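Single-structure report; data block below.
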2 protein chains.
Amino acid sequence: MSPADGAHGVRLRRLGIDTRQEATLFMRRDCAICRSEGFAAHSRVLVHFNGRSLIATLNQVTTNIIANGEASLSENAWQRLGVREGDEVTVSHPSPVESLGHVRAKLYGNRLDAPSMRAVLDDVVAERYSDIHLAAFVSACSGNNLDDEEILSLTAAMVETGERLQWDRSPVVDKHCVGGLPGNRTTPIVVPIVAACGLTMPKTSSRAITSPAGTADVMETLAPIALDLATMRRVVEREGACIVWGGAVRLAPADDIFIRVERALDIDSEGQLVASVLSKKVAAGSTHLVLDLPVGPTAKVRGPHAAERLETLLFYTSRAFGIEVRVLRSDGTQPVGRGIGPALEARDVLAVLQGDDGGLADLRARSLALAAAILELAGVSPEGGGMALAEAVLADGRAWRKFQAICDAQGGLREPPTAPYTRPVPAPRGGRIVAIDNRRIARVAKLAGAPDDPAAGIELHAAVGSRVRRGQSLFTVHAESPGELDYAFDYIATNHIVQIEDGD
Amino acid sequence: MSPADGAHGVRLRRLGIDTRQEATLFMRRDCAICRSEGFAAHSRVLVHFNGRSLIATLNQVTTNIIANGEASLSENAWQRLGVREGDEVTVSHPSPVESLGHVRAKLYGNRLDAPSMRAVLDDVVAERYSDIHLAAFVSACSGNNLDDEEILSLTAAMVETGERLQWDRSPVVDKHCVGGLPGNRTTPIVVPIVAACGLTMPKTSSRAITSPAGTADVMETLAPIALDLATMRRVVEREGACIVWGGAVRLAPADDIFIRVERALDIDSEGQLVASVLSKKVAAGSTHLVLDLPVGPTAKVRGPHAAERLETLLFYTSRAFGIEVRVLRSDGTQPVGRGIGPALEARDVLAVLQGDDGGLADLRARSLALAAAILELAGVSPEGGGMALAEAVLADGRAWRKFQAICDAQGGLREPPTAPYTRPVPAPRGGRIVAIDNRRIARVAKLAGAPDDPAAGIELHAAVGSRVRRGQSLFTVHAESPGELDYAFDYIATNHIVQIEDGD
């Protein structure tokens, strides 16, 4: 894009303001550009530099932190434009973002066809949407507002607006867990098992949306995960597998833009879920995919009806892209493993890989079931033979050695951090634990700081079915600050998280 | 609200950054608070000062524009908290905004009952919603997503979360135009006519949402409109009427918060429209209301079916609040008057009030029809007698004198500004004008800078039905900058605005 007629030059000064995602231009209210172009605070402006451009939101400055003829950009915009102190950028009116018409149409209940969806995604990935625009699109697509064809077009558009991986081997396997079950961190166990069996598994993972940790958050406490495409490819060529952050390799980059907004709104709906999962898999070049679908009253999928609807959508969409899918429904009634939160879940992963499964039988069993399903789906084991192979590879240390080799290839295995502040939660009465609320325990972990604070979270000491004495510790909260610890305990004081009843 | 445990103090330094609406806190990334509280860029934080508090979005600073132990606030937040340079504020984690659960429920297709709607509005008015949250709520309520009861609860909640006026006289009359018709600026003509006949009309008006000018924008070029409640009351007591900006008197203050977001999204749906109109009228203490509903293929209300649905909603909702309503459907096929844009419409208003209606017969007739309906509805004239009275009051200068008196009471009548840059648009061919596209001509006026630039807009030289020669000027674009003039002409070059055909 070349500067429009009437664009004006301004010298950049780095104020170092981090607005996270939304690109922001800081300019003096009394500067010639604001006056001649009629820019007001919160105007959307087009900033050009050296053949590149981006749309930013204008913040107007009324003091001398920048001089007349100067401007600044938020840190993300500074990096995206590739500018340096003193560079001259030009600023002009952006063209209207025409694809917003499709967002309005969707809000008014109309269907979006494939070209409309693609037009929206083109503008989203080019970061022409403000936070307000993004929130409207995410809202328009939430609930059950997308039909099967729209989910398909959204998925396709998410793939087409990012990078795509191609592999000279087949099958290329993948797994995904639909989430909603705290601590269900099987990926870093499944990947080394199947890779040790010779399969190719270039795993890209997401950060948490509404949960206290995503696989990317957990793996980041163990090894570098923000690999570029070339580095990721080298890791996979050397070790047959990787576990990296999907956002850094720009597979379906729209997904990470939507996730930031979905997180602020705490929504993650069916259509967006299917598009999010499958767009990454299609872009990653996967041919075979096993899905873990935990079902339970407080899991993301609450019952068999919801599970069936989601499976139907997943099969429909994956078939359209030529991916073979197997879905494993699993028990979603309580958290998995001991830890909830990036570093605490990483410790569980290390324990299972190293053969110590005290209190981790559930995490081990789930990981083996998924690995077995992948081995069978990809034809490495006969039907029914996957479990024996997966167990052997885990038991004899091949999986652990493969995991270390993958981490080394990604930049080096490291020790997960430890939280400086911890406080146990005692049982208010004796009895048998009959339920643990997944959503509430996840909420406590988030209030304690997870996933932004990697060491924060929950360490569980008791599972559903076990007996506790009054005063015995049910779980321990870990936090990186006393304020966050207090905050988690304020919530614990007023919400039932662990349900204890009399009897055996 | 008192500072939470674990709140930390920080000294304020005014950077003078205007973010328009969203409150923003600027703090060093390496400061003790960010580290101890685990705040990241874009975190929502609670800022306390002297018994007041607000929720802000955090921008993190990595340079020395603020020192360690210092922070800054965006200009709107600075004013809302009433702070001064060097004041110490405390910063802590805000409680979760519980009413967002209702927004999510609505996005998932559930109905919102009155208490839920009120909870959302309480948080919106307390500015606990970020732009992302506001956009999600506006989206959830757009299209036809609100049923009658929800529109009623939204209206009630908008009234209850703001100030309410009470008058010791009755009737208290009001009017409203549903909009969508550029240049249809009847309010500043209707108010002085009915006030000159002894009626009480405390008129509060909005700024433009998606149009090139709202009544508040137009009146602002003629007199001060940002009056507080006490001043507004004095004006009405002295003159029987006023024409002020609704946002400044905090009648239904949520409306102006929504309008900013609706403008960014360019949506203005039925339910929100009814709630927006009636909440202001209920809060203003109106007892009798006349509505102007222009209907036309490119007006906001496109045909009789949409008009009926809107009328039903308006009657249903206004009855619940004890307001008598009369609806006048009017011709919405083309712009009204000569001017489109704040100052240009103000000049039309002055011309009609002063008896010069060259090219303004439509604006004059519409104003008289509305004034007549109000006079009849309020019982000042018998049915069928309103028009003669309204015409007399306009013709003999009583309305013009009343208008001057109202402006004087509001702070003084002033001259609307004149745009420094104008350029005519010639007819590309000779013939008869068969249509003018309201939406596109409004778009041109907005691209030229209206309503933010008050002098910007369109001056029409020909109406539907008139004949033009090739090269004759159809309309003139007015702008405050050459860049905006160019921008309007880029749009004109590629869009059909005035349709000209052969024949008589």
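Going by the structure tokens order, chains are called A, B, ..., each with residues numbered from 1, while ligands are numbered from 1 in the order shown.
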**Message:** Env of B:Thr418: 9 Å cut, atoms = only C-alpha atoms, seq-sep filter 6 positions within chain, self excluded. Answer as a ChimeraX atom specification.
**Reply:** /B:343-344,454-456,478,480
**Message:** Using only C-alpha atoms and a distance of at most 6 Å, pull out the residues of chain A that contact chain B, as a count of residues only.
**Reply:** 25
**Fill in**
Residue with the minimum atom-to-atom distance to A:Val274, picked from A:Glu163, A:Glu324, A:Asp256, A:Asp148 with only C-alpha atoms counted, is A:Asp148
**Prompt:** Between B:Ser153, B:Leu251, B:Ala361, B:Gly337, which has the minimum distance to B:Arg111 (counting only C-alpha atoms)?
**Reply:**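 Checking each of B:Ser153, B:Leu251, B:Ala361, B:Gly337 against B:Arg111, counting only C-alpha atoms, the winner is B:Ser153.
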**Item:** Long-range neighbours of stretch 126-128 of chain B as a ChimeraX atom specification, 8 Å cut-off, only C-alpha atoms, 5 positions minimum in chain
**Value:** /B:54-55,97
For those residues, write C-alpha atoms to a file as a PDB file, in the first residue's frame.
ATOM      1  CA  LEU B  54     -12.409   3.540  38.603  1.00  0.00           C
ATOM      2  CA  ILE B  55     -11.393   0.537  36.534  1.00  0.00           C
ATOM      3  CA  VAL B  97     -17.312  -7.846  36.733  1.00  0.00           C
TER       4      VAL B  97
END
**Message:** With only C-alpha atoms as the counted atoms, please give the residues lying no more than 7 Å from B:Asp217, apart from itself and same-chain residues fewer than 6 positions off, as a list in words.
**Reply:** Arg207, Pro342 and Pro451 of chain B
**Request:** Among the residues of stretch 265-455 of chain A, find those DSSP assigns to helix (DSSP H, G or I) from the backbone and print them as number ranges by chain.
**Result:** A: 265, 270-283, 304-320, 342-353, 361-377, 386-395, 398-410, 438-447
Can you write just those residues out, C-alpha atoms, as a short mmCIF file (atom, residue, chain, number, x, y, z; two decimals), in the first residue's frame?
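Writing the result to again_1.cif gives the following:
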data_model
loop_
_atom_site.label_atom_id
_atom_site.label_comp_id
_atom_site.auth_asym_id
_atom_site.auth_seq_id
_atom_site.Cartn_x
_atom_site.Cartn_y
_atom_site.Cartn_z
CA LEU A 265 -15.11 -11.93 27.27
CA GLU A 270 -18.82 -24.34 19.55
CA GLY A 271 -18.26 -22.93 16.06
CA GLN A 272 -15.23 -20.94 17.11
CA LEU A 273 -13.91 -24.00 18.92
CA VAL A 274 -14.17 -26.23 15.83
CA ALA A 275 -12.65 -23.55 13.60
CA SER A 276 -9.87 -22.89 16.09
CA VAL A 277 -8.96 -26.58 16.47
CA LEU A 278 -9.19 -27.63 12.85
CA SER A 279 -7.67 -24.54 11.23
CA LYS A 280 -4.44 -25.19 13.13
CA LYS A 281 -4.45 -28.87 12.14
CA VAL A 282 -5.14 -28.19 8.47
CA ALA A 283 -2.47 -25.49 8.39
CA PRO A 304 -23.72 -36.65 25.73
CA HIS A 305 -26.00 -34.38 23.68
CA ALA A 306 -23.46 -31.57 23.50
CA ALA A 307 -20.71 -34.10 22.81
CA GLU A 308 -22.63 -35.54 19.85
CA ARG A 309 -23.28 -32.14 18.34
CA LEU A 310 -19.60 -31.22 18.66
CA GLU A 311 -18.46 -34.57 17.22
CA THR A 312 -20.78 -34.15 14.26
CA LEU A 313 -19.39 -30.68 13.59
CA LEU A 314 -15.80 -31.89 13.96
CA PHE A 315 -16.32 -34.86 11.63
CA TYR A 316 -18.14 -32.74 9.07
CA THR A 317 -15.48 -30.06 9.01
CA SER A 318 -12.42 -32.33 9.17
CA ARG A 319 -13.74 -34.52 6.33
CA ALA A 320 -13.99 -31.45 4.14
CA PRO A 342 1.61 -23.81 33.88
CA ALA A 343 4.53 -24.84 36.12
CA LEU A 344 2.48 -27.14 38.34
CA GLU A 345 1.17 -29.05 35.33
CA ALA A 346 4.68 -29.20 33.89
CA ARG A 347 5.84 -30.97 37.06
CA ASP A 348 3.09 -33.59 36.58
CA VAL A 349 4.23 -34.14 33.00
CA LEU A 350 7.84 -34.68 34.09
CA ALA A 351 6.76 -37.09 36.83
CA VAL A 352 4.73 -39.28 34.43
CA LEU A 353 7.51 -39.31 31.82
CA ALA A 361 -2.54 -42.56 37.46
CA ASP A 362 -5.35 -40.64 35.73
CA LEU A 363 -2.97 -38.41 33.72
CA ARG A 364 -0.88 -41.45 32.77
CA ALA A 365 -3.91 -43.50 31.71
CA ARG A 366 -5.38 -40.67 29.63
CA SER A 367 -2.08 -40.04 27.87
CA LEU A 368 -1.65 -43.72 27.07
CA ALA A 369 -5.21 -44.00 25.72
CA LEU A 370 -4.63 -41.07 23.37
CA ALA A 371 -1.22 -42.33 22.26
CA ALA A 372 -2.72 -45.76 21.62
CA ALA A 373 -5.52 -44.27 19.53
CA ILE A 374 -3.00 -42.33 17.44
CA LEU A 375 -0.80 -45.40 16.91
CA GLU A 376 -3.84 -47.36 15.73
CA LEU A 377 -5.36 -44.58 13.60
CA GLY A 386 -1.83 -49.51 20.54
CA MET A 387 -2.00 -49.61 24.32
CA ALA A 388 0.65 -52.30 24.76
CA LEU A 389 3.08 -50.42 22.52
CA ALA A 390 2.44 -47.06 24.20
CA GLU A 391 2.88 -48.59 27.68
CA ALA A 392 6.15 -50.21 26.71
CA VAL A 393 7.59 -46.99 25.27
CA LEU A 394 6.65 -45.03 28.37
CA ALA A 395 7.81 -47.69 30.82
CA ARG A 398 12.11 -44.15 25.46
CA ALA A 399 9.37 -41.54 25.78
CA TRP A 400 11.30 -39.58 28.43
CA ARG A 401 14.49 -39.64 26.31
CA LYS A 402 12.49 -38.49 23.27
CA PHE A 403 10.95 -35.65 25.31
CA GLN A 404 14.41 -34.49 26.42
CA ALA A 405 15.66 -34.65 22.83
CA ILE A 406 12.68 -32.58 21.61
CA CYS A 407 13.24 -29.94 24.31
CA ASP A 408 16.97 -29.85 23.49
CA ALA A 409 16.18 -29.34 19.82
CA GLN A 410 13.77 -26.51 20.72
CA ASN A 438 -13.82 -27.82 37.51
CA ARG A 439 -14.90 -24.29 36.69
CA ARG A 440 -14.50 -22.96 40.20
CA ILE A 441 -11.16 -24.60 40.85
CA ALA A 442 -9.98 -23.18 37.52
CA ARG A 443 -11.24 -19.79 38.67
CA VAL A 444 -9.18 -20.03 41.86
CA ALA A 445 -6.07 -20.87 39.81
CA LYS A 446 -6.73 -17.87 37.58
CA LEU A 447 -7.30 -15.54 40.52
#
**Prompt:** If you count only C-alpha atoms, which residues fall within 6 Å of stretch 288-294 of chain B, apart from same-chain ones fewer than 2 positions away, as a list in words?
**Reply:**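 My list of contacting residues is Val173, Asp174, Lys175, His176, Cys177, Val178, Ser286, Ile323, Glu324, Val325, Arg326, Val327, Leu328, Arg329, Ser330, Asp331 and Gly332 of chain B.
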Selected residues written out with C-alpha atoms, as a PDB file, in the first residue's frame:
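File written: part29.pdb
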ATOM      1  CA  VAL B 173     -43.894  17.693  25.739  1.00  0.00           C
ATOM      2  CA  ASP B 174     -41.145  16.227  23.618  1.00  0.00           C
ATOM      3  CA  LYS B 175     -40.425  15.150  20.071  1.00  0.00           C
ATOM      4  CA  HIS B 176     -38.041  12.758  18.450  1.00  0.00           C
ATOM      5  CA  CYS B 177     -37.072  11.873  14.917  1.00  0.00           C
ATOM      6  CA  VAL B 178     -35.928   8.338  14.284  1.00  0.00           C
ATOM      7  CA  SER B 286     -41.905  13.920  29.413  1.00  0.00           C
ATOM      8  CA  ILE B 323     -46.129   8.528  28.119  1.00  0.00           C
ATOM      9  CA  GLU B 324     -48.688   9.450  25.445  1.00  0.00           C
ATOM     10  CA  VAL B 325     -47.207   8.985  22.008  1.00  0.00           C
ATOM     11  CA  ARG B 326     -48.239  10.050  18.518  1.00  0.00           C
ATOM     12  CA  VAL B 327     -46.220   8.841  15.503  1.00  0.00           C
ATOM     13  CA  LEU B 328     -46.070  10.808  12.235  1.00  0.00           C
ATOM     14  CA  ARG B 329     -44.737   8.800   9.335  1.00  0.00           C
ATOM     15  CA  SER B 330     -43.084  11.103   6.831  1.00  0.00           C
ATOM     16  CA  ASP B 331     -41.531  10.921   3.385  1.00  0.00           C
ATOM     17  CA  GLY B 332     -38.052   9.475   3.753  1.00  0.00           C
TER      18      GLY B 332
END
**Prompt:** How many Å lie between atom CA of A:Asp122 and atom CA of B:Thr210, rounded to one decimal?
**Reply:**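 Rounded to one decimal, the two atoms are 24.8 Å apart.
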Distance query B:Ala114 at most 9 Å, only C-alpha atoms, self and fewer than 4 positions along chain excluded, as a JSON list (two decimals) with N, CA and C atoms, in the first residue's frame:
[["chain", "number", "residue", "atom", "x", "y", "z"],
["B", 118, "ARG", "N", -30.40, -4.62, 34.64],
["B", 118, "ARG", "CA", -30.00, -3.56, 35.54],
["B", 118, "ARG", "C", -28.55, -3.74, 36.01],
["B", 119, "ALA", "N", -28.19, -5.01, 36.30],
["B", 119, "ALA", "CA", -26.82, -5.29, 36.75],
["B", 119, "ALA", "C", -25.81, -4.89, 35.66],
["B", 149, "GLU", "N", -40.05, -7.47, 26.17],
["B", 149, "GLU", "CA", -39.78, -7.33, 27.61],
["B", 149, "GLU", "C", -38.34, -6.90, 27.86],
["B", 150, "GLU", "N", -37.45, -7.41, 27.04],
["B", 150, "GLU", "CA", -36.03, -7.03, 27.21],
["B", 150, "GLU", "C", -35.81, -5.57, 26.85],
["B", 152, "LEU", "N", -38.03, -3.29, 27.19],
["B", 152, "LEU", "CA", -38.59, -2.57, 28.34],
["B", 152, "LEU", "C", -37.59, -2.54, 29.50],
["B", 153, "SER", "N", -36.98, -3.68, 29.81],
["B", 153, "SER", "CA", -36.03, -3.70, 30.93],
["B", 153, "SER", "C", -34.79, -2.88, 30.61],
["B", 154, "LEU", "N", -34.34, -2.93, 29.35],
["B", 154, "LEU", "CA", -33.18, -2.13, 28.97],
["B", 154, "LEU", "C", -33.50, -0.65, 29.15],
["B", 156, "ALA", "N", -35.81, 0.72, 31.10],
["B", 156, "ALA", "CA", -35.94, 1.04, 32.52],
["B", 156, "ALA", "C", -34.57, 1.13, 33.18],
["B", 157, "ALA", "N", -33.68, 0.21, 32.85],
["B", 157, "ALA", "CA", -32.36, 0.21, 33.46],
["B", 157, "ALA", "C", -31.57, 1.45, 33.02]]
